[in-house]
Amino acid sequence: MLASLACSVATAKVRSQQLSQGPPTPSALARPDSIARGTVTPFVLLGSEADDEQRLEQLRGASTTGWMIRSSMSISPPLSRLDARKIDTPLCPVRWHFVPPSGDLTWNSRIPFARNDGGVWSGRGATLSATGGARVQCGRFRAQFIPTVWYAQNRPFPIIAFGATDRSGFVSPFHSNGASLADLPLRFGDRPLLVTDLGQSVAEVDVGPVTAGAGTETQWWGPGIRNALVMSNHAAGIPSVYFRTRAPVRTPFGQAEARWMIGALTESAYFDNDADNDMRSFSGLIVVLAPAFDTTLSIGVSRVVYAAIPGAGALPARFFDAVARWGEGLDVRAATFGRAADQLTNVFARWVVSGAEVYADWARVVLPNSLRSLLVAPQFSQGYTVGAQWLSPMSSTEIAWRAQAEFTMLEQSVVTRGAAAPSFYASPVVPQGYTNRGQVIGASIGPGSSSQWLAVDRMAPVGRVGAFVGRIRWENDEYYRQRTGFDKYSHDVSLLAGLRAGRSIAPFDVSLELVSESRLNYLFQNRFNGFGEDHTFDVHNLSLRLSLAPRDARVAASTTLPP
């Protein structure tokens, strides 16, 4: 409460100074050039109300620069744009600011429900998380220390045990052996959890047109609203070192942005009993182009390569994997002499025009080794997301409507009679798959799944209220490999309906989401082996999420300024 009161006082001082200099412009209110040292500063978390408001501002005409490669550091307003430009002086005034805590309360009645919550695992019962800290800037150097603390009640719920002595008792039975391995425990142990991590902590320094950084903050790559195929905030941030463009680079084709990173993926405590294989390398490169003929169009490509490594000392040698590690016949899984790895390659596009946007994200686990193979079986190992968002103009009563639709398909169709297609995020050569600390780094629906999502919101200056419906078919690739069901009535499917709302209640932004989930044939279980409808293993789950963040985070981020 004291931090929030300080936030309101500091903002009032800034605005009073601006008013004394003349009528403020929206950008002046959004990103002041100077904030008093030691006060509270706005901070934008991925997936927050402030993050959503930035996207809506783009539909109203704001710049889309940086949106396809974003993190809390890149979308939060700088502490001082004036100081950042004084890079030739030997000394610089140090500015530091508190980041007031943001908090989440999540409650699940029967089973966990997957959300993009930055590494927090919300099991059955109540889960509490808090994020806050401080930011500092000195000329071309800036850093933020934003740790996260979370507690999960982790009440018991039914799971299927795998039973192997070399695996944890909580490991997923669908990804514990064979060609579909992944560190995706059904439950994070059998006790309450109290976890502290570095959260959104990162440090950066500008070196000419390039920014070098290191940290643990979560990132979002691509245009998706609910699902990002390669990089999302569903899992904890990857400890990494990276290089990115400080500002868009002008080229004859348009403005280009890029990020190249090397990081370490960590195994959860609920996968296996081998302490020698707990780390994997992660090499990722993403490039986005805003074509000169239409700057509201964003086109991008990214590739990540991940592999088992003996320890952190092997990471530097893996930095170039994203561009130099291709394997035999463009299959990194088939590489020999200990060079086997796994990868994801994707292309995406987003177009914003007249209060609306459309986007698409397409990826493959295995690259085609020839044009013929691509044309014969283009769907082999592919996944995709398509979506759209529409925002009506503000009426005379300042009321608008928003509609959202997004569809993600990661299910794999069989293209040969001899073998199943490889699943997204699971691997035959990297035992933990595409995960970090037990959660998928990409789309929250996970391997072999598909989802459909529709939502409508009534928007007002002080808040919003809306409803949504959705469907998720879980782990469908594994359905055909398991013995838990043999016919169509054993598919594991969630039917979703819910309400959501957000409102500014000074000095906070408050958001609420209530989901009613009907989980049919939970974990593929059916009393009749799938040869008839059966409700024995159906689960009805209620999921509630309440989020609280300082109100000024949204106000300060409502307009994107050019660099």
# chains A, B, ... in the order shown; residues from 1 in each chain; ligands from 1

call {"tool": "residues_around", "arguments": {"residues": "Ala322 of chain A", "least_positions_apart": "4", "cutoff": "8 Å", "atoms": "only C-alpha atoms", "output": "PDB file with C-alpha atoms, in the first residue's frame"}}
result
ATOM      1  CA  SER A 283      20.483 -21.240 -29.118  1.00  0.00           C
ATOM      2  CA  GLY A 284      17.853 -18.979 -30.674  1.00  0.00           C
ATOM      3  CA  LEU A 285      17.727 -16.354 -33.419  1.00  0.00           C
ATOM      4  CA  ARG A 303      14.987 -20.860 -35.288  1.00  0.00           C
ATOM      5  CA  VAL A 304      15.999 -22.458 -32.007  1.00  0.00           C
ATOM      6  CA  VAL A 305      18.262 -25.462 -31.455  1.00  0.00           C
TER       7      VAL A 305
END

call {"tool": "select_by_dssp", "arguments": {"residues": "segment 164-373 of chain A", "states": "alpha helix (DSSP H)", "output": "PDB file with C-alpha atoms, in the first residue's frame"}}
result
ATOM      1  CA  ASP A 321      23.828 -23.614 -33.189  1.00  0.00           C
ATOM      2  CA  ALA A 322      20.825 -21.642 -34.452  1.00  0.00           C
ATOM      3  CA  VAL A 323      22.618 -20.913 -37.752  1.00  0.00           C
ATOM      4  CA  ALA A 324      25.311 -23.584 -37.970  1.00  0.00           C
ATOM      5  CA  LEU A 371      11.371 -29.065 -52.280  1.00  0.00           C
ATOM      6  CA  ARG A 372       9.796 -32.384 -53.289  1.00  0.00           C
ATOM      7  CA  SER A 373       9.437 -33.546 -49.692  1.00  0.00           C
TER       8      SER A 373
END

call {"tool": "residues_around", "arguments": {"residues": "Leu542 of chain A", "least_positions_apart": "3", "cutoff": "6 Å", "atoms": "only C-alpha atoms", "output": "list of chain:residue names"}}
result
A:Asn108, A:Ser109, A:Val515, A:Ser516

call {"tool": "closest_atom_pairs", "arguments": {"of": "segment 331-441 of chain A", "to": "segment 471-476 of chain A", "cutoff": "9 Å", "atoms": "only C-alpha atoms", "output": "tab-separated table"}}
result
residue	atom	partner	partner_atom	distance
A:Leu410	CA	A:Asn476	CA	8.9
A:Glu411	CA	A:Asn476	CA	6.2
A:Gln412	CA	A:Asn476	CA	8.2

call {"tool": "closest_residue", "arguments": {"among": "A:Phe468, A:Phe320, A:Phe531, A:Tyr425", "to": "Phe282 of chain A", "atoms": "only C-alpha atoms"}}
result
A:Phe320

call {"tool": "residues_around", "arguments": {"residues": "Gly47 of chain A", "least_positions_apart": "6", "cutoff": "10 Å", "atoms": "only C-alpha atoms", "output": "list in words"}}
result
Ser72, Asn116, Asp117, Gly118, Trp220, Ile225, Arg226, Ser232 and Asn233 of chain A

call {"tool": "closest_residue", "arguments": {"among": "A:His535, A:Arg481, A:His491, A:His540", "to": "Ser180 of chain A", "atoms": "only C-alpha atoms"}}
result
A:Arg481

call {"tool": "closest_residue", "arguments": {"among": "A:Val301, A:Ala363, A:Asp294, A:Ile309", "to": "Asp276 of chain A", "atoms": "only C-alpha atoms"}}
result
A:Ile309

call {"tool": "residues_around", "arguments": {"residues": "Phe271 of chain A", "least_positions_apart": "6", "cutoff": "8 Å", "atoms": "only C-alpha atoms", "output": "PDB file with C-alpha atoms, in the first residue's frame"}}
result
ATOM      1  CA  ARG A 167      11.848 -41.651 -13.114  1.00  0.00           C
ATOM      2  CA  SER A 168      10.018 -39.464 -10.609  1.00  0.00           C
ATOM      3  CA  PHE A 170       5.104 -37.456 -10.841  1.00  0.00           C
ATOM      4  CA  VAL A 171       6.507 -37.679 -14.365  1.00  0.00           C
ATOM      5  CA  ASP A 183       9.956 -32.993 -18.773  1.00  0.00           C
ATOM      6  CA  LEU A 184       6.249 -32.365 -18.186  1.00  0.00           C
ATOM      7  CA  PRO A 185       5.330 -33.687 -14.712  1.00  0.00           C
ATOM      8  CA  GLN A 432      13.584 -33.262 -21.312  1.00  0.00           C
ATOM      9  CA  GLY A 438       9.032 -28.642 -16.116  1.00  0.00           C
TER      10      GLY A 438
END

call {"tool": "atom_distance", "arguments": {"atom1": "atom CA of Val430 of chain A", "atom2": "atom CA of Ser268 of chain A"}}
result
14.3 Å

call {"tool": "select_by_dssp", "arguments": {"residues": "segment 254-313 of chain A", "states": "strand (DSSP E)", "output": "tab-separated table (two decimals) with N, CA and C atoms, in the first residue's frame"}}
result
chain	number	residue	atom	x	y	z
A	254	GLY	N	13.13	-2.44	-45.80
A	254	GLY	CA	12.31	-1.99	-44.69
A	254	GLY	C	13.13	-1.94	-43.41
A	255	GLN	N	12.46	-1.89	-42.27
A	255	GLN	CA	13.13	-1.82	-40.99
A	255	GLN	C	13.20	-3.21	-40.36
A	256	ALA	N	14.41	-3.59	-39.93
A	256	ALA	CA	14.64	-4.94	-39.42
A	256	ALA	C	15.02	-4.89	-37.94
A	257	GLU	N	14.56	-5.90	-37.20
A	257	GLU	CA	14.92	-6.10	-35.80
A	257	GLU	C	15.36	-7.54	-35.62
A	258	ALA	N	16.21	-7.78	-34.62
A	258	ALA	CA	16.70	-9.14	-34.42
A	258	ALA	C	17.13	-9.33	-32.97
A	259	ARG	N	17.12	-10.59	-32.56
A	259	ARG	CA	17.66	-10.99	-31.25
A	259	ARG	C	18.31	-12.36	-31.41
A	260	TRP	N	19.50	-12.50	-30.82
A	260	TRP	CA	20.26	-13.76	-30.87
A	260	TRP	C	20.68	-14.08	-29.44
A	261	MET	N	20.38	-15.27	-28.99
A	261	MET	CA	20.62	-15.59	-27.59
A	261	MET	C	21.16	-17.00	-27.41
A	262	ILE	N	21.90	-17.19	-26.33
A	262	ILE	CA	22.35	-18.50	-25.89
A	262	ILE	C	21.97	-18.63	-24.42
A	263	GLY	N	21.30	-19.72	-24.08
A	263	GLY	CA	20.82	-19.88	-22.72
A	263	GLY	C	20.90	-21.32	-22.25
A	264	ALA	N	20.54	-21.51	-20.99
A	264	ALA	CA	20.60	-22.84	-20.36
A	264	ALA	C	19.21	-23.23	-19.89
A	265	LEU	N	18.71	-24.36	-20.38
A	265	LEU	CA	17.44	-24.93	-19.94
A	265	LEU	C	17.70	-25.89	-18.79
A	266	THR	N	16.81	-25.85	-17.79
A	266	THR	CA	17.01	-26.63	-16.57
A	266	THR	C	15.90	-27.66	-16.41
A	279	MET	N	20.95	-30.23	-17.57
A	279	MET	CA	21.08	-28.98	-18.30
A	279	MET	C	21.10	-29.22	-19.80
A	280	ARG	N	20.48	-28.28	-20.53
A	280	ARG	CA	20.49	-28.30	-21.99
A	280	ARG	C	20.85	-26.91	-22.50
A	281	SER	N	21.46	-26.87	-23.66
A	281	SER	CA	21.75	-25.58	-24.30
A	281	SER	C	20.56	-25.13	-25.12
A	282	PHE	N	20.43	-23.82	-25.27
A	282	PHE	CA	19.36	-23.22	-26.07
A	282	PHE	C	19.98	-22.10	-26.89
A	283	SER	N	19.98	-22.26	-28.21
A	283	SER	CA	20.48	-21.24	-29.12
A	283	SER	C	19.32	-20.77	-29.98
A	284	GLY	N	19.01	-19.48	-29.94
A	284	GLY	CA	17.85	-18.98	-30.67
A	284	GLY	C	18.14	-17.69	-31.41
A	285	LEU	N	17.59	-17.56	-32.60
A	285	LEU	CA	17.73	-16.35	-33.42
A	285	LEU	C	16.38	-16.02	-34.01
A	286	ILE	N	15.98	-14.74	-33.90
A	286	ILE	CA	14.73	-14.28	-34.50
A	286	ILE	C	15.01	-12.97	-35.22
A	287	VAL	N	14.43	-12.83	-36.43
A	287	VAL	CA	14.57	-11.63	-37.25
A	287	VAL	C	13.17	-11.21	-37.71
A	288	VAL	N	12.86	-9.92	-37.58
A	288	VAL	CA	11.56	-9.38	-37.96
A	288	VAL	C	11.77	-8.21	-38.92
A	289	LEU	N	10.98	-8.16	-39.98
A	289	LEU	CA	11.08	-7.09	-40.97
A	289	LEU	C	9.72	-6.41	-41.11
A	290	ALA	N	9.73	-5.08	-41.03
A	290	ALA	CA	8.56	-4.26	-41.37
A	290	ALA	C	8.81	-3.71	-42.77
A	291	PRO	N	8.17	-4.26	-43.81
A	291	PRO	CA	8.49	-3.87	-45.19
A	291	PRO	C	8.29	-2.38	-45.43
A	297	LEU	N	2.76	-4.01	-41.47
A	297	LEU	CA	2.95	-5.44	-41.70
A	297	LEU	C	4.28	-5.86	-41.09
A	298	SER	N	4.26	-6.93	-40.32
A	298	SER	CA	5.48	-7.49	-39.73
A	298	SER	C	5.64	-8.92	-40.21
A	299	ILE	N	6.83	-9.24	-40.74
A	299	ILE	CA	7.14	-10.59	-41.22
A	299	ILE	C	8.39	-11.06	-40.50
A	300	GLY	N	8.37	-12.27	-39.98
A	300	GLY	CA	9.51	-12.73	-39.20
A	300	GLY	C	9.83	-14.19	-39.40
A	301	VAL	N	11.03	-14.56	-38.99
A	301	VAL	CA	11.48	-15.94	-39.02
A	301	VAL	C	12.34	-16.18	-37.78
A	302	SER	N	12.24	-17.36	-37.20
A	302	SER	CA	13.08	-17.69	-36.05
A	302	SER	C	13.46	-19.16	-36.09
A	303	ARG	N	14.55	-19.46	-35.42
A	303	ARG	CA	14.99	-20.86	-35.29
A	303	ARG	C	15.67	-21.03	-33.94
A	304	VAL	N	15.33	-22.12	-33.25
A	304	VAL	CA	16.00	-22.46	-32.01
A	304	VAL	C	16.51	-23.89	-32.11
A	305	VAL	N	17.67	-24.13	-31.52
A	305	VAL	CA	18.26	-25.46	-31.46
A	305	VAL	C	18.60	-25.73	-29.99
A	306	TYR	N	18.17	-26.86	-29.48
A	306	TYR	CA	18.46	-27.22	-28.09
A	306	TYR	C	19.05	-28.62	-28.03
A	307	ALA	N	19.99	-28.82	-27.10
A	307	ALA	CA	20.71	-30.09	-27.03
A	307	ALA	C	21.19	-30.33	-25.61
A	308	ALA	N	21.41	-31.60	-25.29
A	308	ALA	CA	21.95	-31.96	-23.98
A	308	ALA	C	23.41	-31.54	-23.90
